[in-house]
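Okay, upload21.txt now, which holds compact mmCIF, C-alpha atoms:
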# COMPACT_ATOMS: atom_id res chain seq x y z
CA MET A 1 112.29 132.26 54.24
CA ALA A 2 112.78 129.62 56.81
CA LYS A 3 116.55 129.55 56.72
CA ILE A 4 116.50 129.97 60.47
CA LEU A 5 115.34 126.38 60.73
CA LEU A 6 118.39 125.15 58.88
CA GLU A 7 120.66 127.31 60.98
CA ARG A 8 119.10 126.06 64.19
CA LEU A 9 119.41 122.46 63.03
CA LYS A 10 123.06 122.90 62.09
CA ALA A 11 123.83 124.66 65.36
CA LYS A 12 122.22 121.87 67.32
CA PHE A 13 123.35 118.76 65.45
CA GLY A 14 126.51 119.87 63.64
CA ASP A 15 127.77 116.92 61.62
CA GLY A 16 124.42 115.19 62.05
CA VAL A 17 123.13 117.38 59.25
CA LEU A 18 124.63 115.85 56.11
CA GLU A 19 123.54 118.52 53.65
CA THR A 20 121.08 121.33 53.34
CA SER A 21 119.53 123.11 50.43
CA SER A 22 117.22 126.01 49.95
CA PHE A 23 115.24 126.55 46.79
CA ARG A 24 112.52 129.18 46.46
CA GLY A 25 111.45 128.90 50.04
CA ASP A 26 111.81 125.12 50.23
CA GLU A 27 114.24 124.30 52.99
CA VAL A 28 115.60 120.76 53.00
CA ALA A 29 117.92 119.13 55.49
CA VAL A 30 119.33 115.63 55.11
CA LEU A 31 120.02 114.07 58.47
CA LYS A 32 122.04 111.17 59.72
CA PRO A 33 119.72 108.29 60.69
CA GLU A 34 120.68 108.40 64.35
CA PHE A 35 119.49 112.03 64.63
CA TRP A 36 116.21 111.56 62.74
CA LYS A 37 113.91 111.40 65.71
CA ASP A 38 115.88 113.88 67.80
CA ALA A 39 115.79 116.40 64.97
CA ALA A 40 112.02 116.11 64.69
CA ARG A 41 111.65 116.56 68.42
CA PHE A 42 114.02 119.54 68.36
CA LEU A 43 112.07 121.16 65.52
CA ARG A 44 108.87 120.70 67.46
CA ASP A 45 110.09 121.97 70.82
CA ASP A 46 112.61 124.67 69.97
CA SER A 47 111.15 128.11 70.58
CA ALA A 48 112.50 129.49 67.30
CA CYS A 49 111.18 126.54 65.25
CA GLN A 50 107.83 125.55 66.79
CA CYS A 51 107.07 123.07 63.99
CA ASP A 52 103.91 121.83 65.61
CA TYR A 53 102.17 120.58 62.50
CA PHE A 54 103.18 117.25 60.97
CA VAL A 55 102.24 117.52 57.29
CA ASP A 56 103.45 114.42 55.52
CA LEU A 57 105.84 111.51 55.60
CA SER A 58 106.72 109.25 52.73
CA ALA A 59 109.71 107.88 50.87
CA VAL A 60 111.43 108.04 47.50
CA ASP A 61 112.97 105.05 45.79
CA PHE A 62 116.29 105.51 43.98
CA PRO A 63 116.82 102.00 42.63
CA ASP A 64 120.31 102.64 41.21
CA ARG A 65 121.77 104.32 44.25
CA THR A 66 124.17 102.16 46.22
CA ASP A 67 124.71 102.27 49.95
CA GLU A 68 127.96 104.20 49.42
CA GLU A 69 126.04 106.86 47.53
CA GLY A 70 123.59 107.22 50.38
CA GLY A 71 121.23 104.26 50.17
CA ARG A 72 118.31 103.29 48.03
CA PHE A 73 115.43 104.81 49.99
CA GLU A 74 115.08 108.34 51.19
CA VAL A 75 112.40 108.90 53.80
CA TYR A 76 111.24 112.47 54.02
CA CYS A 77 108.99 114.32 56.40
CA ILE A 78 107.43 117.76 56.02
CA LEU A 79 106.93 119.86 59.13
CA HIS A 80 105.12 123.13 59.39
CA SER A 81 104.76 125.74 62.05
CA ILE A 82 101.32 127.23 62.38
CA ALA A 83 102.55 130.04 64.63
CA LYS A 84 105.67 130.94 62.65
CA LYS A 85 104.25 130.05 59.23
CA HIS A 86 107.39 128.29 58.07
CA ARG A 87 107.98 124.85 56.72
CA ILE A 88 110.88 122.45 56.44
CA ARG A 89 111.49 119.11 54.82
CA ILE A 90 113.81 116.75 56.60
CA LYS A 91 115.17 113.64 54.97
CA VAL A 92 116.92 110.52 56.08
CA ARG A 93 118.58 107.95 53.87
CA ALA A 94 117.90 104.31 54.57
CA LEU A 95 120.39 101.69 53.47
CA GLY A 96 119.77 98.44 51.66
CA THR A 97 116.69 96.80 50.21
CA ASP A 98 115.23 96.13 53.65
CA PRO A 99 115.64 99.57 55.16
CA GLU A 100 114.83 100.67 58.67
CA VAL A 101 114.51 104.12 60.20
CA ASP A 102 113.28 105.35 63.53
CA SER A 103 109.57 105.93 63.96
CA LEU A 104 108.44 109.47 64.66
CA ILE A 105 105.36 108.40 66.60
CA GLY A 106 106.89 109.43 69.92
CA VAL A 107 107.13 112.97 68.57
CA TYR A 108 104.10 113.25 66.30
CA GLU A 109 101.10 110.97 66.84
CA GLY A 110 99.98 111.66 63.30
CA ALA A 111 102.99 109.81 61.93
CA ASN A 112 101.29 106.50 62.68
CA TRP A 113 99.28 106.01 59.51
CA GLN A 114 101.81 107.82 57.32
CA GLU A 115 104.48 105.39 58.40
CA ARG A 116 102.15 102.48 57.80
CA GLU A 117 101.51 103.76 54.29
CA CYS A 118 105.22 104.22 53.71
CA PHE A 119 105.81 100.65 54.89
CA ASP A 120 102.99 99.38 52.69
CA MET A 121 104.13 101.16 49.54
CA PHE A 122 107.93 101.04 49.92
CA GLY A 123 108.71 98.40 52.51
CA VAL A 124 110.53 100.80 54.79
CA LYS A 125 110.37 99.55 58.36
CA PHE A 126 109.97 101.96 61.23
CA ARG A 127 111.67 101.06 64.48
CA GLY A 128 109.38 101.59 67.43
CA HIS A 129 106.13 101.69 65.47
CA PRO A 130 103.43 100.00 67.57
CA ASP A 131 101.35 98.59 64.72
CA LEU A 132 103.36 98.33 61.53
CA ARG A 133 101.11 96.56 59.03
CA ARG A 134 99.67 97.36 55.64
CA ILE A 135 97.13 100.15 55.48
CA LEU A 136 96.10 100.46 51.82
CA MET A 137 96.81 97.10 50.28
CA TYR A 138 95.38 93.83 51.56
CA PRO A 139 97.40 91.50 53.80
CA GLU A 140 97.69 88.90 51.01
CA PHE A 141 99.53 91.37 48.79
CA GLN A 142 103.12 90.40 47.99
CA GLY A 143 105.78 93.05 47.62
CA HIS A 144 105.60 96.81 47.80
CA PRO A 145 103.90 98.42 44.80
CA LEU A 146 105.59 101.83 44.72
CA ARG A 147 109.08 100.36 44.61
CA LYS A 148 110.60 100.94 41.22
CA ASP A 149 111.26 97.23 40.73
CA TYR A 150 107.61 96.29 41.20
CA PRO A 151 106.32 95.40 37.71
CA ALA A 152 104.03 98.15 36.45
CA ASN A 153 101.44 95.73 35.08
CA LYS A 154 101.39 93.22 37.92
CA THR A 155 98.09 92.76 39.74
CA GLN A 156 97.31 90.36 42.54
CA PRO A 157 93.56 89.76 42.43
CA LEU A 158 91.84 88.56 45.57
CA VAL A 159 88.98 87.14 43.51
CA PRO A 160 90.02 85.09 40.50
CA TYR A 161 88.87 86.69 37.30
CA ARG A 162 85.97 85.11 35.45
CA GLU A 163 86.86 82.71 32.72
CA GLY A 164 85.02 81.74 29.60
CA THR A 165 83.84 83.61 26.60
CA PHE A 166 81.86 86.75 26.86
CA ASP A 167 79.70 88.06 24.12
CA LYS A 168 81.92 91.07 23.88
CA LEU A 169 84.56 92.47 26.16
CA GLY A 170 86.19 95.85 26.11
CA PRO A 171 87.86 97.82 24.75
CA PHE A 172 84.96 98.89 22.63
CA LEU A 173 85.25 100.90 19.47
CA ALA A 174 83.67 104.31 19.21
CA ASP A 175 80.75 103.17 17.10
CA GLU A 176 80.09 99.96 18.99
CA GLY A 177 77.23 99.64 21.38
CA MET A 178 73.60 98.83 21.68
CA PRO A 179 71.08 101.50 20.76
CA LEU A 180 67.79 101.73 22.57
CA ASN A 181 65.00 99.58 21.18
CA ARG A 182 67.14 97.01 19.47
CA ALA A 183 63.96 94.98 19.19
CA PRO A 184 63.16 93.49 15.80
CA VAL A 185 61.54 95.73 13.27
CA THR A 186 58.44 93.57 13.40
CA ASP A 187 57.98 94.43 17.04
CA THR A 188 54.34 95.28 17.52
CA GLY A 189 54.90 97.03 20.79
CA GLU A 190 53.44 94.36 22.98
CA ASN A 191 56.73 93.90 24.81
CA ARG A 192 56.82 97.39 26.09
CA MET B 1 64.18 82.10 36.88
CA GLY B 2 66.72 84.08 35.02
CA ASP B 3 65.95 82.24 31.82
CA VAL B 4 63.69 84.79 30.22
CA THR B 5 65.58 84.58 26.99
CA ASN B 6 63.78 83.79 23.79
CA ILE B 7 60.64 85.70 24.50
CA GLN B 8 59.78 85.67 20.85
CA GLY B 9 59.35 81.97 21.46
CA GLY B 10 59.19 78.91 19.29
CA GLU B 11 56.18 77.11 17.94
CA SER B 12 55.22 75.48 21.20
CA GLY B 13 55.76 78.39 23.45
CA PHE B 14 52.76 80.58 23.00
CA PHE B 15 51.70 80.58 26.62
CA THR B 16 55.30 80.79 27.90
CA THR B 17 56.07 83.57 25.51
CA LYS B 18 53.15 85.58 26.74
CA LEU B 19 54.00 84.87 30.37
CA ASP B 20 57.64 85.82 29.93
CA SER B 21 56.59 88.89 28.09
CA LEU B 22 54.30 89.83 30.94
CA LEU B 23 57.04 89.14 33.49
CA GLY B 24 59.50 91.24 31.54
CA TRP B 25 56.98 94.05 31.37
CA ALA B 26 56.36 93.83 35.10
CA ARG B 27 60.01 93.63 36.02
CA LYS B 28 61.26 96.44 33.91
CA TYR B 29 58.92 98.96 35.52
CA SER B 30 59.66 98.02 39.12
CA LEU B 31 63.41 97.85 39.43
CA PHE B 32 64.71 97.96 42.98
CA GLN B 33 68.23 99.25 42.98
CA TYR B 34 71.31 98.54 45.02
CA PRO B 35 73.72 101.48 44.58
CA PHE B 36 77.29 100.27 45.12
CA ALA B 37 78.80 103.74 44.96
CA THR B 38 82.52 103.85 45.61
CA ALA B 39 83.87 106.93 43.87
CA CYS B 40 83.15 110.26 42.21
CA CYS B 41 80.57 108.69 39.87
CA GLY B 42 78.41 108.40 42.96
CA MET B 43 77.72 112.13 42.84
CA GLU B 44 76.37 111.76 39.36
CA PHE B 45 74.24 108.83 40.43
CA PHE B 46 72.74 110.84 43.27
CA ALA B 47 72.06 113.68 40.88
CA THR B 48 70.25 111.26 38.60
CA ALA B 49 68.22 109.85 41.44
CA ALA B 50 67.33 113.29 42.74
CA PRO B 51 64.18 115.11 41.59
CA LYS B 52 65.69 117.04 38.70
CA TYR B 53 66.44 113.97 36.63
CA ASP B 54 64.26 111.65 38.66
CA LEU B 55 64.90 107.96 38.26
CA ALA B 56 61.51 107.39 39.86
CA ARG B 57 59.84 108.21 36.56
CA PHE B 58 61.01 104.84 35.28
CA GLY B 59 59.75 102.85 38.23
CA ALA B 60 63.31 102.53 39.50
CA GLU B 61 62.41 104.51 42.54
CA ALA B 62 63.32 102.56 45.60
CA PRO B 63 66.96 102.08 46.51
CA ARG B 64 67.36 99.00 48.65
CA PHE B 65 70.46 98.77 50.75
CA SER B 66 70.07 95.06 51.12
CA PRO B 67 71.15 92.94 48.18
CA ARG B 68 68.43 90.43 48.97
CA GLN B 69 65.70 92.92 48.14
CA SER B 70 67.17 94.46 45.03
CA ASP B 71 67.05 93.71 41.33
CA VAL B 72 69.68 95.99 39.85
CA LEU B 73 73.22 96.34 41.12
CA TRP B 74 74.60 99.71 40.16
CA VAL B 75 78.38 99.53 40.38
CA VAL B 76 79.17 103.21 40.55
CA GLY B 77 82.87 103.98 40.58
CA THR B 78 86.29 102.41 40.79
CA ILE B 79 86.49 98.92 42.24
CA SER B 80 89.82 98.19 43.88
CA GLN B 81 91.21 94.70 44.24
CA ARG B 82 90.55 94.98 47.94
CA GLN B 83 86.85 95.64 47.34
CA ALA B 84 86.45 92.84 44.81
CA PRO B 85 85.42 90.12 47.31
CA VAL B 86 82.76 92.44 48.75
CA LEU B 87 81.29 93.22 45.35
CA LYS B 88 81.23 89.57 44.34
CA ARG B 89 79.59 88.58 47.58
CA ILE B 90 76.91 91.24 47.22
CA TYR B 91 76.19 90.03 43.71
CA GLU B 92 75.91 86.47 44.93
CA GLN B 93 73.50 87.52 47.67
CA MET B 94 71.09 89.08 45.21
CA LEU B 95 68.15 86.97 44.17
CA GLU B 96 67.38 86.03 40.61
CA PRO B 97 66.48 87.67 38.39
CA LYS B 98 69.22 90.26 38.82
CA TRP B 99 70.95 92.73 36.60
CA VAL B 100 74.18 94.66 36.83
CA ILE B 101 74.95 98.11 35.49
CA ALA B 102 78.57 99.25 35.20
CA PHE B 103 78.32 102.97 35.79
CA GLY B 104 81.18 104.96 34.32
CA THR B 105 84.49 104.10 32.78
CA CYS B 106 86.15 102.78 35.91
CA ALA B 107 83.48 100.19 36.60
CA SER B 108 83.35 99.26 32.92
CA CYS B 109 87.05 98.73 32.25
CA GLY B 110 89.13 100.23 35.04
CA GLY B 111 89.42 103.58 33.32
CA PHE B 112 92.78 105.20 33.65
CA TYR B 113 93.58 103.16 36.75
CA ASP B 114 95.75 100.66 34.93
CA ASN B 115 97.68 99.66 38.02
CA TYR B 116 98.25 97.23 40.86
CA ALA B 117 95.25 98.33 42.88
CA THR B 118 92.28 98.43 40.52
CA VAL B 119 90.06 95.77 38.99
CA PRO B 120 90.09 96.35 35.21
CA GLY B 121 86.32 96.28 34.83
CA ILE B 122 83.71 94.58 36.98
CA ASP B 123 82.96 92.04 34.26
CA LYS B 124 86.16 90.34 35.42
CA LEU B 125 84.24 89.51 38.61
CA ILE B 126 80.53 89.40 37.82
CA PRO B 127 78.46 89.34 34.66
CA CYS B 128 77.44 92.78 33.56
CA ASP B 129 74.36 93.79 31.59
CA VAL B 130 74.80 97.42 30.68
CA TYR B 131 77.94 99.51 30.46
CA ILE B 132 77.49 103.26 30.72
CA PRO B 133 80.63 105.03 29.48
CA GLY B 134 81.67 108.44 30.74
CA CYS B 135 83.96 109.87 33.36
CA PRO B 136 81.53 110.34 34.95
CA PRO B 137 78.53 109.90 32.66
CA ARG B 138 76.04 112.72 32.57
CA PRO B 139 72.63 112.05 34.12
CA GLU B 140 71.16 111.88 30.63
CA ALA B 141 73.54 109.03 29.81
CA VAL B 142 72.54 107.29 33.03
CA LEU B 143 68.89 107.58 32.10
CA ASP B 144 69.73 106.20 28.68
CA GLY B 145 71.53 103.32 30.35
CA LEU B 146 68.57 102.58 32.59
CA MET B 147 66.20 102.74 29.64
CA LEU B 148 68.48 100.39 27.73
CA LEU B 149 68.39 97.96 30.63
CA MET B 150 64.61 98.20 30.82
CA ASP B 151 64.48 97.60 27.12
CA LYS B 152 66.68 94.55 27.48
CA ILE B 153 64.60 93.21 30.36
CA GLY B 154 61.46 93.65 28.33
CA ARG B 155 63.03 91.74 25.46
CA GLY B 156 64.65 89.13 27.69
CA ASP B 157 68.05 89.96 26.26
CA ARG B 158 71.00 89.05 28.52
CA THR B 159 73.85 89.97 26.20
CA PRO B 160 76.20 92.67 27.48
CA ALA B 161 75.22 96.05 26.14
CA VAL B 162 77.28 99.19 25.83
CA LEU B 163 75.37 102.40 25.78
CA LYS B 164 75.65 104.00 22.43
CA ASN B 165 76.04 107.70 21.92
CA THR B 166 72.69 109.36 22.12
CA GLN B 167 71.30 110.26 18.75
CA LEU B 168 69.66 113.64 18.92
CA PRO B 169 66.37 113.87 17.06
CA GLU B 170 66.27 115.78 13.84
CA GLY B 171 66.38 119.51 14.32
CA ALA B 172 67.67 119.23 17.86
CA PRO B 173 71.08 120.89 17.29
CA GLU B 174 69.42 123.94 15.75
CA HIS B 175 66.94 124.07 18.60
CA LEU B 176 69.72 123.85 21.21
CA GLU B 177 71.67 126.54 19.40
CA LYS B 178 68.64 128.81 19.46
CA LEU B 179 68.19 128.20 23.19
CA HIS B 180 71.86 128.97 23.72
CA GLN B 181 71.54 132.24 21.84
CA ILE B 182 68.59 133.24 23.97
CA ARG B 183 70.46 132.43 27.17
CA MET B 184 73.62 134.24 26.13
CA LYS B 185 71.77 137.35 25.05
CA GLN B 186 72.87 140.34 27.10
CA PRO B 187 70.06 142.25 28.76
CA GLU B 188 69.41 145.61 27.16
Written as structure tokens, that's how I'd like the structure from this file.
Amino acid sequence: MAKILLERLKAKFGDGVLETSSFRGDEVAVLKPEFWKDAARFLRDDSACQCDYFVDLSAVDFPDRTDEEGGRFEVYCILHSIAKKHRIRIKVRALGTDPEVDSLIGVYEGANWQERECFDMFGVKFRGHPDLRRILMYPEFQGHPLRKDYPANKTQPLVPYREGTFDKLGPFLADEGMPLNRAPVTDTGENR
Amino acid sequence: MGDVTNIQGGESGFFTTKLDSLLGWARKYSLFQYPFATACCGMEFFATAAPKYDLARFGAEAPRFSPRQSDVLWVVGTISQRQAPVLKRIYEQMLEPKWVIAFGTCASCGGFYDNYATVPGIDKLIPCDVYIPGCPPRPEAVLDGLMLLMDKIGRGDRTPAVLKNTQLPEGAPEHLEKLHQIRMKQPE
């Protein structure tokens, strides 16, 4: 459907496009890191592409993948053309546990908060981002929660939890609870 | 205040018992609410407060968006770890006597948000009087929860209470079935 995008990318960047795939209308191109920003700009400005709508940017964590196999994190970005009604997903692989890729803010203003979220959740740094700080989690938060090595049950409360004994804490059984009017049977109604 | 327990009183407490009983009666019919609505449960809270279900019938009419003027803190929706200091501060700003209602599963125990971002129940932060289960609870359940709180206030009971499933009165299922049949009847 949008194979023309892949052809245009390959014609423009040649070896800069590491691999492409096309599955049921989903066109994907994996780019070399040095062409990441240029490719986005090319897709936006080229008259046959006109990808003027920045849809999404995030990352995927492959914890077992070594740098030789392409790197642990894969940052992806979805671009859409409102005029041409086609869509492409471009990816870039970031090496190491402290990865860095170029920021797309110079091309798409909307990438700002998406890149902050990606940094917050995965710890991917974006070169050239003007304000790279957490956006969802609080500044005191340690680590990056969507990394696969972040413990699934780890919380970092800002307010220490209450201590002491409660009358009853959850989880509650199905038949537990307090019915209305738990008042003693001898209640004469004067409390109501 | 805040010590209106033991309204049934001991031997010496006749006058106090009566006074506390009177205070409980007065308080339970004039609850000023602070809605702390953070998530989808908020819609259900608004529906309950709106004329169809009408919280005003119970004297819980006036929402007060200042914690200093309110009696009941409705925690309506998911509380994230980031919001926890705000919620605790609002609770601390409320004047005694004060009550807290955990509205819905998320406020009660975190619900299905068993993750890094969510507080697993507001009773980890502040004491909670009534838990209303449901995702979200229907307005009827909310009214039941409010009535349970009023009941507790009247009795001076500060133990945590979970709303029990509503027991329909005898004959109600048959009546509802009959209504359903009438509604579903195709016009001739």
So for region 119-131 of chain A, what box centre and size do we get, axis-aligned, 4 Å extra on each of the six sides, every listed atom, Å to one decimal, as lines of an AutoDock Vina configuration file?
center_x = 106.5
center_y = 100.2
center_z = 58.6
size_x = 18.3
size_y = 11.6
size_z = 26.0
Closest of B:Ser70, B:Gln186, B:Thr159, B:Ser30 to chain A - atom-to-atom distances counting all atoms listed in the file: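 Looking at the shortest contact to chain A, the residue is B:Thr159.
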Contact residues around Gln142 (chain A) with only C-alpha atoms at 10 Å, ignoring same-chain residues under 3 positions, as a ChimeraX atom specification: /A:137-139,145,155-156
Atomic distance CA of Tyr131 (chain B) - CA of Glu163 (chain A), expressed in Å with one decimal: 19.2 Å
Counting only C-alpha atoms, chain B residues within 8 Å of chain A, as a PyMOL selection string: chain B and resi 21-22+24-25+81-82+84-85+109+114-117+119+123-126+144+147-148+151+154-155+159-164
Å distance separating CA of Gly16 (chain A) from CA of Phe73 (chain A), one decimal place: 18.3 Å
Would you pick out the contacts of Pro99 (chain A) at 9 Å or less, using all atoms listed in the file, so that residues sharing its chain but fewer than 2 positions from it are not included, and give the list as an mmCIF file with C-alpha atoms, in the coordinates of the input?
data_model
loop_
_atom_site.group_PDB
_atom_site.id
_atom_site.type_symbol
_atom_site.label_atom_id
_atom_site.label_comp_id
_atom_site.auth_asym_id
_atom_site.auth_seq_id
_atom_site.Cartn_x
_atom_site.Cartn_y
_atom_site.Cartn_z
ATOM 1 C CA GLY A 71 121.230 104.260 50.170
ATOM 2 C CA ARG A 72 118.310 103.290 48.030
ATOM 3 C CA PHE A 73 115.430 104.810 49.990
ATOM 4 C CA ARG A 93 118.580 107.950 53.870
ATOM 5 C CA ALA A 94 117.900 104.310 54.570
ATOM 6 C CA LEU A 95 120.390 101.690 53.470
ATOM 7 C CA GLY A 96 119.770 98.440 51.660
ATOM 8 C CA THR A 97 116.690 96.800 50.210
ATOM 9 C CA VAL A 101 114.510 104.120 60.200
ATOM 10 C CA GLY A 123 108.710 98.400 52.510
ATOM 11 C CA VAL A 124 110.530 100.800 54.790
ATOM 12 C CA LYS A 125 110.370 99.550 58.360
ATOM 13 C CA PHE A 126 109.970 101.960 61.230
#
Residue nearest His80 (chain A) - candidates A:Glu19, A:Asp45, A:Asn112, A:Gln50, atoms counted: only C-alpha atoms: A:Gln50
A:Cys118, A:Ala111, A:Leu79, A:Leu5 ranked by distance to Ala59 (chain A), top pick (using only C-alpha atoms): A:Cys118
Length of the CA of Gln114 (chain A) to CA of Ser58 (chain A) vector [Å]: 6.9 Å
Ref. answer, residues at most 10 Å from (106.3, 115.5, 70.0) with only C-alpha atoms, as a list in words: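 Protein and nucleic acid residues near the point are Lys37, Asp38, Ala40, Arg41, Phe42, Leu43, Arg44, Asp45, Cys51, Asp52, Tyr53, Phe54, Leu104, Ile105, Gly106, Val107, Tyr108, Glu109 and Gly110 of chain A.
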Polymer residues at most 9 Å from Glu27 (chain A), all atoms listed in the file, same-chain spacing of 2 or more positions, as a PyMOL selection string: chain A and resi 1-3+5-6+20-25+29+87-90
Contacts of region 34-48 of chain B at 7 Å (only C-alpha atoms; same-chain gap of 4+ positions) as JSON, numbers by chain: {"B": [53, 54, 55, 63, 64, 65, 67, 70, 72, 73, 74, 75, 76, 77, 78, 104, 136, 138, 139]}
